Every structure is written in structure tokens, then in C-alpha cells.
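*Asks:* Enclosed is the structure file work-v6.tsv (TSV, C-alpha atoms).
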chain	number	residue	atom	x	y	z
A	1	MET	CA	67.63	-3.26	101.30
A	2	GLN	CA	65.23	-3.94	98.44
A	3	ARG	CA	63.87	-0.72	96.87
A	4	TYR	CA	60.57	0.03	95.18
A	5	THR	CA	60.52	-0.33	91.38
A	6	ARG	CA	61.31	2.75	89.32
A	7	PHE	CA	57.66	2.91	88.20
A	8	ALA	CA	56.37	2.85	91.80
A	9	ILE	CA	58.88	5.54	92.80
A	10	LEU	CA	57.86	7.72	89.86
A	11	LEU	CA	54.16	7.41	90.74
A	12	HIS	CA	54.81	8.11	94.43
A	13	TRP	CA	56.64	11.39	93.81
A	14	LEU	CA	54.41	12.52	90.98
A	15	ILE	CA	51.34	12.08	93.19
A	16	ALA	CA	53.15	13.69	96.15
A	17	VAL	CA	53.90	16.84	94.14
A	18	LEU	CA	50.36	16.98	92.72
A	19	ILE	CA	48.73	16.48	96.12
A	20	ILE	CA	50.80	19.22	97.74
A	21	GLY	CA	50.14	21.56	94.80
A	22	ALA	CA	46.38	20.88	94.66
A	23	PHE	CA	46.11	21.19	98.45
A	24	ALA	CA	47.94	24.54	98.52
A	25	MET	CA	45.93	25.79	95.54
A	26	GLY	CA	42.73	24.76	97.31
A	27	LEU	CA	43.65	26.88	100.33
A	28	VAL	CA	44.74	29.86	98.23
A	29	MET	CA	41.78	29.87	95.83
A	30	THR	CA	39.13	29.65	98.54
A	31	ASP	CA	40.85	32.58	100.29
A	32	ILE	CA	40.52	34.94	97.30
A	33	PRO	CA	37.62	37.27	98.10
A	34	GLY	CA	34.79	37.71	95.58
A	35	ILE	CA	35.11	36.38	92.05
A	36	THR	CA	38.14	37.12	89.89
A	37	PRO	CA	39.50	35.54	86.71
A	38	THR	CA	42.49	34.29	88.74
A	39	LYS	CA	40.18	32.61	91.21
A	40	LEU	CA	38.21	30.88	88.44
A	41	LYS	CA	41.46	29.79	86.80
A	42	TYR	CA	42.73	28.29	90.08
A	43	TYR	CA	39.46	26.43	90.56
A	44	SER	CA	39.81	24.86	87.12
A	45	TRP	CA	43.48	23.95	87.68
A	46	HIS	CA	42.64	22.53	91.09
A	47	LYS	CA	39.98	20.30	89.52
A	48	TRP	CA	42.30	19.16	86.74
A	49	ALA	CA	44.98	18.34	89.32
A	50	GLY	CA	42.44	16.39	91.38
A	51	VAL	CA	41.30	14.34	88.39
A	52	THR	CA	44.96	13.64	87.50
A	53	ILE	CA	45.64	12.48	91.07
A	54	LEU	CA	42.61	10.20	90.93
A	55	ALA	CA	43.79	8.61	87.67
A	56	LEU	CA	47.35	8.17	88.97
A	57	ALA	CA	46.02	6.76	92.27
A	58	ALA	CA	44.07	4.15	90.28
A	59	LEU	CA	47.24	3.26	88.37
A	60	ARG	CA	49.12	3.07	91.64
A	61	LEU	CA	46.54	0.82	93.26
A	62	LEU	CA	46.77	-1.54	90.28
A	63	TRP	CA	50.57	-1.62	90.66
A	64	ARG	CA	50.24	-2.29	94.38
A	65	LEU	CA	47.76	-5.14	93.79
A	66	ALA	CA	50.06	-6.71	91.20
A	67	ASN	CA	53.31	-6.21	93.14
A	68	ARG	CA	54.55	-6.71	96.67
A	69	ALA	CA	56.02	-3.79	98.53
A	70	PRO	CA	59.61	-4.42	99.61
A	71	PRO	CA	59.53	-6.18	103.00
A	72	TYR	CA	60.34	-4.32	106.22
A	73	PRO	CA	63.56	-5.28	108.00
A	74	ALA	CA	63.01	-8.15	110.40
A	75	ALA	CA	64.34	-6.01	113.26
A	76	MET	CA	61.51	-3.49	112.82
A	77	PRO	CA	59.09	-3.79	115.77
A	78	ARG	CA	55.75	-5.45	115.04
A	79	TRP	CA	53.71	-2.41	116.14
A	80	GLN	CA	55.68	-0.21	113.78
A	81	GLN	CA	55.11	-2.61	110.90
A	82	SER	CA	51.38	-2.75	111.48
A	83	SER	CA	51.09	1.03	112.04
A	84	ALA	CA	53.00	1.66	108.82
A	85	ARG	CA	50.70	-0.73	106.95
A	86	SER	CA	47.60	0.97	108.43
A	87	LEU	CA	48.85	4.44	107.54
A	88	HIS	CA	49.67	3.39	103.97
A	89	CYS	CA	46.22	1.87	103.71
A	90	LEU	CA	44.66	5.14	104.94
A	91	LEU	CA	46.74	7.13	102.44
A	92	TYR	CA	45.45	4.92	99.62
A	93	VAL	CA	41.84	5.41	100.75
A	94	LEU	CA	42.31	9.20	100.95
A	95	MET	CA	44.06	9.36	97.56
A	96	PHE	CA	40.70	8.24	96.15
A	97	ALA	CA	38.29	9.80	98.63
A	98	VAL	CA	39.69	13.34	98.48
A	99	PRO	CA	39.50	13.87	94.71
A	100	LEU	CA	36.22	11.93	94.47
A	101	SER	CA	34.59	14.09	97.14
A	102	GLY	CA	35.77	17.21	95.31
A	103	TYR	CA	34.51	15.85	92.00
A	104	LEU	CA	31.08	15.10	93.47
A	105	TYR	CA	31.07	18.48	95.22
A	106	THR	CA	31.52	20.40	91.98
A	107	LEU	CA	28.88	18.24	90.27
A	108	SER	CA	26.44	18.92	93.11
A	109	ALA	CA	27.09	22.63	92.51
A	110	GLY	CA	26.09	22.09	88.88
A	111	VAL	CA	29.58	22.68	87.52
A	112	PRO	CA	30.90	19.75	85.50
A	113	VAL	CA	34.63	19.18	85.13
A	114	VAL	CA	36.04	19.73	81.65
A	115	TYR	CA	39.49	18.18	81.91
A	116	PHE	CA	42.09	20.65	80.56
A	117	GLY	CA	39.15	22.53	79.03
A	118	VAL	CA	38.78	19.73	76.48
A	119	PHE	CA	37.27	16.54	77.85
A	120	LYS	CA	33.95	16.79	79.58
A	121	LEU	CA	33.99	14.21	82.36
A	122	PRO	CA	30.92	12.18	83.28
A	123	LEU	CA	28.11	13.69	85.33
A	124	LEU	CA	27.84	11.07	88.04
A	125	ILE	CA	25.25	13.07	89.98
A	126	ASP	CA	22.91	15.96	89.19
A	127	ALA	CA	23.14	19.42	90.72
A	128	ASN	CA	21.80	19.13	94.25
A	129	ALA	CA	21.53	22.12	96.59
A	130	GLU	CA	21.08	19.94	99.69
A	131	LEU	CA	24.04	17.69	98.96
A	132	LYS	CA	26.33	20.59	98.06
A	133	PRO	CA	27.14	21.86	101.59
A	134	VAL	CA	27.54	18.26	102.82
A	135	LEU	CA	30.03	17.43	100.07
A	136	LYS	CA	31.83	20.72	100.61
A	137	ALA	CA	32.35	19.91	104.30
A	138	LEU	CA	33.28	16.32	103.43
A	139	HIS	CA	35.87	17.47	100.88
A	140	TYR	CA	37.34	19.91	103.39
A	141	TRP	CA	37.60	17.42	106.27
A	142	LEU	CA	38.91	14.60	104.10
A	143	ASN	CA	41.62	17.05	103.04
A	144	MET	CA	42.45	17.88	106.64
A	145	GLY	CA	42.61	14.14	107.28
A	146	LEU	CA	44.91	13.72	104.30
A	147	ALA	CA	47.13	16.57	105.52
A	148	GLY	CA	47.39	14.83	108.90
A	149	ALA	CA	48.13	11.44	107.35
A	150	VAL	CA	50.76	12.89	105.00
A	151	GLY	CA	52.31	14.71	107.96
A	152	LEU	CA	52.61	11.44	109.92
A	153	HIS	CA	53.94	9.69	106.81
A	154	VAL	CA	56.68	12.33	106.34
A	155	VAL	CA	57.63	12.33	110.04
A	156	ALA	CA	57.85	8.53	110.07
A	157	ALA	CA	59.97	8.49	106.90
A	158	LEU	CA	62.35	11.09	108.35
A	159	LYS	CA	62.57	9.17	111.61
A	160	HIS	CA	63.56	6.04	109.67
A	161	ALA	CA	66.10	8.01	107.62
A	162	PHE	CA	67.77	10.05	110.32
A	163	ILE	CA	67.07	8.37	113.67
A	164	ASP	CA	66.70	4.66	112.92
A	165	ARG	CA	68.91	4.89	109.82
A	166	ASP	CA	67.34	1.61	108.68
A	167	GLY	CA	67.07	2.38	104.93
A	168	ILE	CA	63.26	2.31	104.94
A	169	MET	CA	62.98	5.77	103.37
A	170	GLN	CA	65.69	5.04	100.80
A	171	ARG	CA	63.39	2.38	99.30
A	172	MET	CA	61.25	5.19	97.86
A	173	LEU	CA	63.91	7.76	96.94
A	174	PRO	CA	64.63	8.37	93.25
A	175	THR	CA	68.34	7.70	93.92
A	176	SER	CA	69.96	5.82	96.75
A	177	SER	CA	72.48	8.63	97.26
A	178	ILE	CA	71.27	9.19	100.83
A	179	GLN	CA	72.68	6.04	102.38
A	180	GLY	CA	71.16	4.51	105.41
A	181	ASN	CA	72.81	1.85	107.54
A	182	PRO	CA	70.67	-1.21	107.00
Q	183	MET	CA	-9.14	38.63	57.83
Q	184	THR	CA	-11.87	37.00	59.88
Q	185	TRP	CA	-13.55	39.59	61.99
Q	186	SER	CA	-15.71	37.04	63.74
Q	187	ARG	CA	-12.75	36.11	65.99
Q	188	CYS	CA	-12.33	39.62	67.23
Q	189	PRO	CA	-13.90	40.16	70.64
Q	190	LEU	CA	-14.61	43.85	70.12
Q	191	PRO	CA	-18.13	45.03	69.31
Q	192	LEU	CA	-16.63	47.25	66.64
Q	193	SER	CA	-15.60	44.25	64.59
Q	194	HIS	CA	-19.04	42.71	64.89
Q	195	LEU	CA	-20.43	45.91	63.63
Q	196	LEU	CA	-18.05	46.01	60.69
Q	197	HIS	CA	-18.69	42.34	59.99
Q	198	ARG	CA	-22.41	42.84	59.81
Q	199	LEU	CA	-22.29	45.96	57.71
Q	200	PRO	CA	-23.35	45.32	54.13
Q	201	LEU	CA	-20.50	46.01	51.78
Q	202	PRO	CA	-22.04	49.10	50.05
Q	203	HIS	CA	-22.57	50.67	53.44
Q	204	LEU	CA	-19.06	49.98	54.50
Q	205	ARG	CA	-17.75	51.51	51.31
Q	206	HIS	CA	-19.95	54.45	51.93
Q	207	LEU	CA	-18.92	54.79	55.55
Q	208	SER	CA	-15.24	54.10	55.24
Q	209	PRO	CA	-14.14	57.67	54.44
Q	210	LEU	CA	-16.00	58.74	57.55
Q	211	LEU	CA	-14.39	56.18	59.83
Q	212	PRO	CA	-11.50	57.90	61.53
Q	213	ALA	CA	-8.21	56.31	60.54
Q	214	SER	CA	-7.21	56.07	64.16
Q	215	LEU	CA	-10.23	53.96	64.93
Q	216	LEU	CA	-9.33	51.52	62.15
Q	217	ALA	CA	-5.78	51.38	63.41
Q	218	LEU	CA	-7.08	50.70	66.89
Q	219	ALA	CA	-9.25	47.90	65.58
Q	220	GLY	CA	-6.16	46.31	64.05
Q	221	ALA	CA	-3.86	46.92	66.99
Q	222	VAL	CA	-6.05	45.48	69.70
Q	223	SER	CA	-7.34	42.54	67.76
Q	224	ALA	CA	-4.49	40.36	69.05
Q	225	ALA	CA	-5.44	39.21	72.52
Q	226	PRO	CA	-3.36	40.08	75.59
Q	227	LEU	CA	-2.49	36.88	77.42
Q	228	LYS	CA	-2.08	36.33	81.12
Q	229	THR	CA	1.49	35.25	81.80
Q	230	ASP	CA	1.92	32.22	84.04
Q	231	LEU	CA	5.28	33.09	85.63
Q	232	ALA	CA	5.50	29.87	87.65
Q	233	ASN	CA	5.75	27.93	84.39
Q	234	SER	CA	7.90	30.44	82.56
Q	235	SER	CA	11.64	30.88	82.62
Q	236	VAL	CA	14.43	32.99	81.21
Q	237	ALA	CA	17.86	31.42	81.39
Q	238	ILE	CA	21.26	31.90	79.84
Q	239	THR	CA	23.91	29.38	78.94
Q	240	PHE	CA	27.55	30.15	78.31
Q	241	LYS	CA	30.97	28.63	78.76
Q	242	GLN	CA	33.50	29.42	81.45
Q	243	MET	CA	36.89	27.89	80.60
Q	244	ASN	CA	34.87	25.56	78.38
Q	245	VAL	CA	32.68	24.49	81.28
Q	246	PRO	CA	29.01	24.86	80.33
Q	247	VAL	CA	27.13	27.09	82.76
Q	248	GLU	CA	23.38	27.55	82.96
Q	249	ALA	CA	21.81	30.29	85.06
Q	250	LYS	CA	18.25	31.50	85.48
Q	251	PHE	CA	16.82	34.94	85.99
Q	252	LYS	CA	14.62	34.76	89.07
Q	253	LYS	CA	12.68	37.93	88.31
Q	254	PHE	CA	11.23	38.94	85.00
Q	255	SER	CA	7.91	39.86	83.46
Q	256	ALA	CA	6.53	39.07	80.04
Q	257	GLY	CA	3.62	40.60	78.18
Q	258	ILE	CA	2.34	38.79	75.13
Q	259	ASP	CA	-0.54	39.69	72.83
Q	260	TYR	CA	-1.28	36.65	70.77
Q	261	ASP	CA	-4.19	35.20	68.90
Q	262	ALA	CA	-3.48	31.92	67.13
Q	263	GLY	CA	-5.81	33.02	64.32
Q	264	LYS	CA	-3.90	36.27	63.76
Q	265	PRO	CA	-0.29	35.55	64.65
Q	266	GLU	CA	0.97	38.45	62.55
Q	267	LEU	CA	-0.69	40.84	64.99
Q	268	ALA	CA	1.11	39.35	67.96
Q	269	ARG	CA	3.33	41.48	70.14
Q	270	ALA	CA	5.70	40.57	72.89
Q	271	SER	CA	7.78	42.33	75.47
Q	272	VAL	CA	9.96	40.95	78.23
Q	273	ASP	CA	11.56	42.80	81.14
Q	274	ILE	CA	14.29	41.12	83.13
Q	275	ASP	CA	15.74	42.11	86.50
Q	276	THR	CA	19.45	41.89	85.78
Q	277	ALA	CA	20.35	41.51	89.45
Q	278	SER	CA	18.21	38.38	89.71
Q	279	LEU	CA	20.53	36.06	87.79
Q	280	ASP	CA	21.10	32.92	89.83
Q	281	LEU	CA	24.41	31.18	89.11
Q	282	GLY	CA	23.96	28.81	92.03
Q	283	GLU	CA	26.51	30.57	94.25
Q	284	ALA	CA	25.75	33.72	96.29
Q	285	GLU	CA	29.20	35.16	95.63
Q	286	MET	CA	28.79	34.80	91.85
Q	287	ASN	CA	25.30	36.31	91.93
Q	288	LYS	CA	26.75	39.35	93.67
Q	289	GLU	CA	29.58	39.58	91.15
Q	290	VAL	CA	27.36	39.67	88.02
Q	291	ALA	CA	25.32	42.59	89.38
Q	292	LYS	CA	28.52	44.65	89.62
Q	293	LYS	CA	29.69	47.40	87.29
Q	294	ASP	CA	31.84	45.18	85.08
Q	295	TRP	CA	28.91	42.87	84.33
Q	296	PHE	CA	25.26	43.98	84.34
Q	297	ASN	CA	25.82	47.15	86.38
Q	298	SER	CA	22.41	46.52	87.90
Q	299	ALA	CA	22.55	49.66	90.03
Q	300	GLN	CA	22.50	51.81	86.90
Q	301	TYR	CA	20.74	49.40	84.53
Q	302	PRO	CA	18.34	47.35	86.65
Q	303	LYS	CA	16.39	46.00	83.67
Q	304	ALA	CA	17.18	44.30	80.42
Q	305	SER	CA	14.35	44.26	77.94
Q	306	PHE	CA	13.09	42.87	74.69
Q	307	VAL	CA	10.32	44.45	72.65
Q	308	SER	CA	9.08	42.85	69.45
Q	309	SER	CA	8.78	44.89	66.27
Q	310	SER	CA	7.41	42.21	63.99
Q	311	ILE	CA	6.11	38.70	64.43
Q	312	LYS	CA	5.50	36.59	61.35
Q	313	PRO	CA	4.07	33.10	61.05
Q	314	ALA	CA	6.65	30.60	59.77
Q	315	GLY	CA	4.82	27.33	59.41
Q	316	ALA	CA	2.88	25.25	61.90
Q	317	GLY	CA	3.72	26.16	65.49
Q	318	LYS	CA	6.48	28.54	64.45
Q	319	LEU	CA	6.87	32.29	64.40
Q	320	ASN	CA	9.71	34.49	63.30
Q	321	VAL	CA	10.23	37.25	65.79
Q	322	ALA	CA	12.20	40.44	65.29
Q	323	GLY	CA	12.67	43.17	67.83
Q	324	LYS	CA	14.93	45.22	70.00
Q	325	LEU	CA	17.05	43.76	72.77
Q	326	SER	CA	18.37	46.25	75.31
Q	327	ILE	CA	20.95	45.36	77.93
Q	328	LYS	CA	23.13	47.70	79.96
Q	329	GLY	CA	22.13	50.75	77.93
Q	330	LYS	CA	22.93	49.11	74.59
Q	331	SER	CA	20.26	48.15	72.09
Q	332	ALA	CA	20.47	45.77	69.19
Q	333	ASP	CA	18.05	44.52	66.57
Q	334	VAL	CA	17.66	40.79	66.95
Q	335	SER	CA	15.55	38.10	65.36
Q	336	PHE	CA	14.91	34.53	66.32
Q	337	PRO	CA	12.50	31.67	65.66
Q	338	LEU	CA	9.85	31.08	68.28
Q	339	LEU	CA	7.99	27.82	68.84
Q	340	VAL	CA	4.38	27.97	69.96
Q	341	LYS	CA	2.35	25.13	71.34
Q	342	LEU	CA	-0.72	24.60	73.46
Q	343	GLU	CA	-0.23	22.92	76.82
Q	344	ALA	CA	-3.22	22.43	79.10
Q	345	GLY	CA	-5.07	25.33	77.55
Q	346	LYS	CA	-2.11	27.66	77.74
Q	347	HIS	CA	0.07	28.99	74.99
Q	348	VAL	CA	3.69	28.07	75.51
Q	349	PHE	CA	6.31	30.09	73.65
Q	350	GLU	CA	9.81	28.71	73.52
Q	351	GLY	CA	12.90	30.04	71.91
Q	352	ALA	CA	16.61	30.64	72.07
Q	353	LEU	CA	18.47	33.77	71.14
Q	354	PRO	CA	22.24	33.64	70.73
Q	355	ILE	CA	24.03	36.89	71.51
Q	356	ARG	CA	27.57	38.09	72.10
Q	357	ARG	CA	28.05	39.45	75.61
Q	358	LEU	CA	30.75	41.93	74.61
Q	359	ALA	CA	28.33	43.66	72.19
Q	360	PHE	CA	26.47	44.75	75.33
Q	361	ASN	CA	29.61	45.46	77.42
Q	362	ILE	CA	28.79	42.50	79.65
Q	363	GLY	CA	32.12	41.71	81.27
Q	364	GLU	CA	34.41	44.74	81.20
Q	365	GLY	CA	38.00	45.18	82.25
Q	366	GLU	CA	39.76	41.91	83.01
Q	367	TRP	CA	36.52	40.04	82.22
Q	368	LYS	CA	36.84	40.94	78.52
Q	369	ASP	CA	39.01	37.86	78.16
Q	370	THR	CA	36.83	35.41	76.20
Q	371	GLY	CA	39.20	32.58	77.09
Q	372	MET	CA	37.87	32.89	80.63
Q	373	VAL	CA	34.19	33.57	79.90
Q	374	ALA	CA	33.15	32.92	76.28
Q	375	ASP	CA	31.67	35.74	74.21
Q	376	ASP	CA	28.80	33.54	73.04
Q	377	VAL	CA	25.79	33.47	75.31
Q	378	ILE	CA	22.46	31.86	74.52
Q	379	ILE	CA	19.33	33.33	76.06
Q	380	LYS	CA	16.78	30.54	76.45
Q	381	PHE	CA	13.24	31.28	77.37
Q	382	ARG	CA	9.89	29.70	77.84
Q	383	VAL	CA	6.79	31.75	78.48
Q	384	SER	CA	3.54	30.09	79.41
Q	385	ALA	CA	0.48	32.31	79.10
Q	386	ALA	CA	-3.25	31.78	79.30
Q	387	PRO	CA	-5.74	33.39	76.89
Show me the file's structure as C-alpha cells.

*Replies:*
Amino acid sequence: MQRYTRFAILLHWLIAVLIIGAFAMGLVMTDIPGITPTKLKYYSWHKWAGVTILALAALRLLWRLANRAPPYPAAMPRWQQSSARSLHCLLYVLMFAVPLSGYLYTLSAGVPVVYFGVFKLPLLIDANAELKPVLKALHYWLNMGLAGAVGLHVVAALKHAFIDRDGIMQRMLPTSSIQGNP
Amino acid sequence: MTWSRCPLPLSHLLHRLPLPHLRHLSPLLPASLLALAGAVSAAPLKTDLANSSVAITFKQMNVPVEAKFKKFSAGIDYDAGKPELARASVDIDTASLDLGEAEMNKEVAKKDWFNSAQYPKASFVSSSIKPAGAGKLNVAGKLSIKGKSADVSFPLLVKLEAGKHVFEGALPIRRLAFNIGEGEWKDTGMVADDVIIKFRVSAAP
């Protein structure tokens, strides 16, 4: 079965690690009571991770627009093909929506993002006390949506690898050492 | 010195006195009365708090932060004709700093930061104000925060806006000189040592 290009595989796993890390850090940092230096540090790292994900997602979208994904096996049921396409589409939307909502949330709180403490990123919106709770809730629920979508994505990939054994998951693995039976 | 601008009857009296009389009288005039004439000849202004502000800016992991003090009072004696007699004092409620997040506002009132329970007020009192060109004054005085005092000086801009005097200035300080941010907050890589106090006081004659 045709695999994704090395570049696409690299982007996929890099973004996967960053998303899981930023998501976990988001849960941990908002759980720290009061204000501590550690908490402030985590907030900054979380924002830097989010901005990195946004940039890599843009790169990934460009790759996807310029390249075709490897085709599904002909034997794969139609409903599965269209569900997979829909879920991938949703993941792409969330890869942008989640970091963007967080970015706008911090701007609405009047805290600009200084990437790695060096580059001050553009102030797309002004501080806005009314928008702030809305964007906070939006960022939270988009994240829960992303967690759900990633969960489905992982379950589907594992089903293809270990139940269907159709080589679908192997298309995106860094090595093809885990052999499916296409 | 132009006595005609002074609102007190005493100055009118002095102004009208013929010079020989004044010379004759001067040893009899109590020194304290003369001092009083000088001290009160700058006019106390009425502070317009709604159009005044005291804010600080600093950097947190290089992210610029601006926060305003919600409660403060300012007393300014100022007569444009006699700027050198001007006096100013500002009192700030340290627990009233608004960082835009309730949790942060609570944090800065704590012991490591302002310790507002023990030191509820920060204050500035001028010791000398000197004219420094059109619309400019050089101000020196004492800044007290968290039980620590320091002599500071800064340029002050003065302008008239809708019949009110508007005083604007910025005073850079180092937070650690006043023990603002103790313990683990001493780390200036987290919260920078440099803090700029920015203020604007609008006051009517």
C-alpha cells in the first residue's frame, strides 16, 4: 500500500506530540491554584506550543492541498471512506480553530503572545472584557471537541491496524516495521 | 515675584505698601507669617479622579503587562505663574492594582508582593518642583512602597485641557529595591525588575 511522504509523516507526528503536550499542559496549568512562577511558565509554554502547532498546521494544509493522500483500498466500505474523510477534515479545522481561539483568548485578556520570549506576535484584537469569557469557553470546548476527534482517529487507526489489518495505519507510521496484510 | 497673583489679602497689603514702609515694617513682620505667605501662595487644585490614572507597566517573561491602580488620591498645589512653589503628593491603595484577572489581583496584595495588609498605601511626596522649560517641570521627592523609601526625580509634563491642569509623567523604578516580589518571585527572568509607574493627574484650579 502507498504510504504518506516522509515530510507528511514528520508533520503528522510532530503535530501529534505537540497537541498532546499542549493539551496536557493546558489541563495541568489551569489546575494550579493561585499564581505561581511555575503556573506562569506553563502558560507561556502552552502559548508557544499553540503558536507552533498553528504554524505547522498551516504548513500541513499547504502540503495537503498540493498533494493527494494515498488512496484507500478499494475493498474499504464507502461509509468508512467518507467517515474517515469527514473526520480528517474536522481534525484539520480543529488544528486551526483550537490554537486560534486560544490566541484570541489571551489577546482579549490583554496579554499578547511573545513567541519564545523574543517575537511579539500581532495584536489581532484589543483587550475585551466581554469577549474574554466567551473565548475562554470557546477555547475549552474546541479542545474537548479536538480530544474527542483525536480519540476517534486513534481508535479507527488501531482498528485498521489490528482488526482489519488493511495497512491503512502503516501509511502514516515512520517505519513500515508493523506489517499489515493489505 | 508678582504678588498680584496671590489670592491672599496679605499679599495685596504687601503689594500696596510703599517700599520705605515695607522696609520699616519688615523686622516687625513675624518670620512665620512671611513663610506662610510663601507656602500658601501656590494654589491647591481640585483633583478630577475620573480623568486621572496611575498605572504600572512591566514585563512578565518578556510579555508587556499594563495594570492600573483603581484607588488613589492626589493632592497638587500648583500655580502656573509660580511653578517653583508647587507641591504634590499621591497616595495609592496597593491592594487596588487591577491586572485584569481576579486571581492575579489577589496575588499581588499578598505578603511576597505589596503586603497590602501591613502596607496598605504607597505614597509619593514632592520635595522640590522646578520649572524646566515650557510645559515641563522637574520633580524630586520621596517614593515610599512597602515600608521602603527612596529619593526619586522625574520630568513632569503640564498642559491645560478644558480649563484643567493635566500633569503627566513616568517614573521608572526597580521593584526589588522595594522588596516587591519576594521569595521565588525574586527571579527577574519571570517578572522583570524594571517597572515604570505612569501617571496622569487632571486637576481643576

*Asks:* Dump as a PyMOL selection string all residues having an atom at most 12 Å from (53.6, 19.3, 88.3), computed in the file's coordinates with all atoms listed in the file.

*Replies:* chain A and resi 13-22+45-46+48-50+52-53

*Asks:* For chain A versus chain Q, which residues have an atom no more than 7 Å away, and what is each residue's nearest atom pair and distance in Å rounded to one decimal, using all atoms listed in the file, chain-then-number order, as a tab-separated table?

*Replies:*
residue	atom	partner	partner_atom	distance
A:Gly34	CA	Q:Glu285	CA	6.1
A:Ile35	CA	Q:Glu289	CA	6.5
A:Pro37	CA	Q:Met372	CA	6.8
A:Ala109	CA	Q:Gly282	CA	6.9
A:Val111	CA	Q:Val247	CA	6.9
A:Pro112	CA	Q:Val245	CA	6.6
A:Val113	CA	Q:Val245	CA	6.8
A:Val114	CA	Q:Val245	CA	5.8
A:Gly117	CA	Q:Asn244	CA	5.3

*Asks:* Using all atoms listed in the file, find the one residue out of Q:Arg382, Q:Lys312, Q:Lys253, Q:Lys241 that sits nearest to His347 of chain Q.

*Replies:*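 Answer, going by the shortest atom-to-atom distance: Q:Arg382.
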
*Asks:* Would you mind listing what lies within 9 Å of segment 89-93 of chain A as a ChimeraX atom specification, with only C-alpha atoms counted and same-chain residues fewer than 3 positions away left out?

*Replies:* /A:57,60-61,84-86,96-98,146,149-150,153

*Asks:* Might you pull out every residue within 10 Å of Ile125 of chain A, with all atoms listed in the file counted and same-chain residues fewer than 3 positions away left off, and present them as a list in words?

*Replies:*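 Once the nearby chain positions are removed, what remains is Tyr103, Leu104, Tyr105, Thr106, Leu107, Ser108, Gly110, Pro112, Pro122 and Asn128 of chain A.
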
*Asks:* Under the rule that all atoms listed in the file are counted, which of A:Arg165, A:Arg64, A:His139, A:Arg3 is the nearest residue to Met76 of chain A?

*Replies:*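 Once distances to Met76 of chain A are computed over all atoms listed in the file, the minimum belongs to A:Arg165.
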
*Asks:* I'd like the interatomic distance between atom CA of Asp376 of chain Q and atom CA of Ala129 of chain A, to a tenth of an Å.

*Replies:*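 We find that atom CA of Asp376 of chain Q and atom CA of Ala129 of chain A lie 27.2 Å from each other.
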
*Asks:* One decimal, in Å: what's the spacing between atom CA of Ala304 of chain Q and atom CA of Leu339 of chain Q?

*Replies:*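 Interatomic distance here is 22.1 Å.
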
*Asks:* Pick out the closest residue to Leu59 of chain A from this set: A:Leu124, A:Val134, A:Leu142, A:Met95. Count all atoms listed in the file.

*Replies:*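 Looking at the shortest contact to Leu59 of chain A, the residue is A:Met95.
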
*Asks:* Counting all atoms listed in the file, which residue out of Q:Val377, Q:Ile355, Q:Ala344, Q:Ala256 sits closest to Leu227 of chain Q?

*Replies:*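 Ranked by minimum distance to Leu227 of chain Q, first place goes to Q:Ala256.
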
*Asks:* One number please: atom CA of Glu350 of chain Q to atom CA of Asn297 of chain Q, in Å, one decimal.

*Replies:*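 Atom CA of Glu350 of chain Q sits 27.6 Å away from atom CA of Asn297 of chain Q.
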
*Asks:* Using the atoms already present, construct N, CA and C atoms for segment 348-360 of chain Q and hand them back as a PDB file, in the coordinates of the input.

*Replies:*
ATOM      1  N   VAL Q 348       2.312  28.117  75.030  1.00  0.00           N
ATOM      2  CA  VAL Q 348       3.690  28.070  75.510  1.00  0.00           C
ATOM      3  C   VAL Q 348       4.610  28.519  74.377  1.00  0.00           C
ATOM      4  N   PHE Q 349       5.373  29.553  74.644  1.00  0.00           N
ATOM      5  CA  PHE Q 349       6.310  30.090  73.650  1.00  0.00           C
ATOM      6  C   PHE Q 349       7.711  29.719  74.086  1.00  0.00           C
ATOM      7  N   GLU Q 350       8.451  29.120  73.169  1.00  0.00           N
ATOM      8  CA  GLU Q 350       9.810  28.710  73.520  1.00  0.00           C
ATOM      9  C   GLU Q 350      10.789  29.155  72.446  1.00  0.00           C
ATOM     10  N   GLY Q 351      11.912  29.623  72.886  1.00  0.00           N
ATOM     11  CA  GLY Q 351      12.900  30.040  71.910  1.00  0.00           C
ATOM     12  C   GLY Q 351      14.278  30.206  72.514  1.00  0.00           C
ATOM     13  N   ALA Q 352      15.244  30.408  71.643  1.00  0.00           N
ATOM     14  CA  ALA Q 352      16.610  30.640  72.070  1.00  0.00           C
ATOM     15  C   ALA Q 352      17.197  31.736  71.206  1.00  0.00           C
ATOM     16  N   LEU Q 353      17.899  32.630  71.852  1.00  0.00           N
ATOM     17  CA  LEU Q 353      18.470  33.770  71.140  1.00  0.00           C
ATOM     18  C   LEU Q 353      19.956  33.869  71.460  1.00  0.00           C
ATOM     19  N   PRO Q 354      20.802  33.529  70.465  1.00  0.00           N
ATOM     20  CA  PRO Q 354      22.240  33.640  70.730  1.00  0.00           C
ATOM     21  C   PRO Q 354      22.705  35.090  70.614  1.00  0.00           C
ATOM     22  N   ILE Q 355      23.475  35.531  71.578  1.00  0.00           N
ATOM     23  CA  ILE Q 355      24.030  36.890  71.510  1.00  0.00           C
ATOM     24  C   ILE Q 355      25.520  36.838  71.856  1.00  0.00           C
ATOM     25  N   ARG Q 356      26.176  37.966  71.670  1.00  0.00           N
ATOM     26  CA  ARG Q 356      27.570  38.090  72.100  1.00  0.00           C
ATOM     27  C   ARG Q 356      27.592  39.068  73.268  1.00  0.00           C
ATOM     28  N   ARG Q 357      28.107  38.619  74.383  1.00  0.00           N
ATOM     29  CA  ARG Q 357      28.050  39.450  75.610  1.00  0.00           C
ATOM     30  C   ARG Q 357      28.806  40.764  75.452  1.00  0.00           C
ATOM     31  N   LEU Q 358      29.927  40.734  74.705  1.00  0.00           N
ATOM     32  CA  LEU Q 358      30.750  41.930  74.610  1.00  0.00           C
ATOM     33  C   LEU Q 358      30.065  43.033  73.798  1.00  0.00           C
ATOM     34  N   ALA Q 359      29.092  42.666  72.947  1.00  0.00           N
ATOM     35  CA  ALA Q 359      28.330  43.660  72.190  1.00  0.00           C
ATOM     36  C   ALA Q 359      27.502  44.525  73.144  1.00  0.00           C
ATOM     37  N   PHE Q 360      27.251  44.012  74.331  1.00  0.00           N
ATOM     38  CA  PHE Q 360      26.470  44.750  75.330  1.00  0.00           C
ATOM     39  C   PHE Q 360      27.343  45.172  76.522  1.00  0.00           C
TER      40      PHE Q 360
END
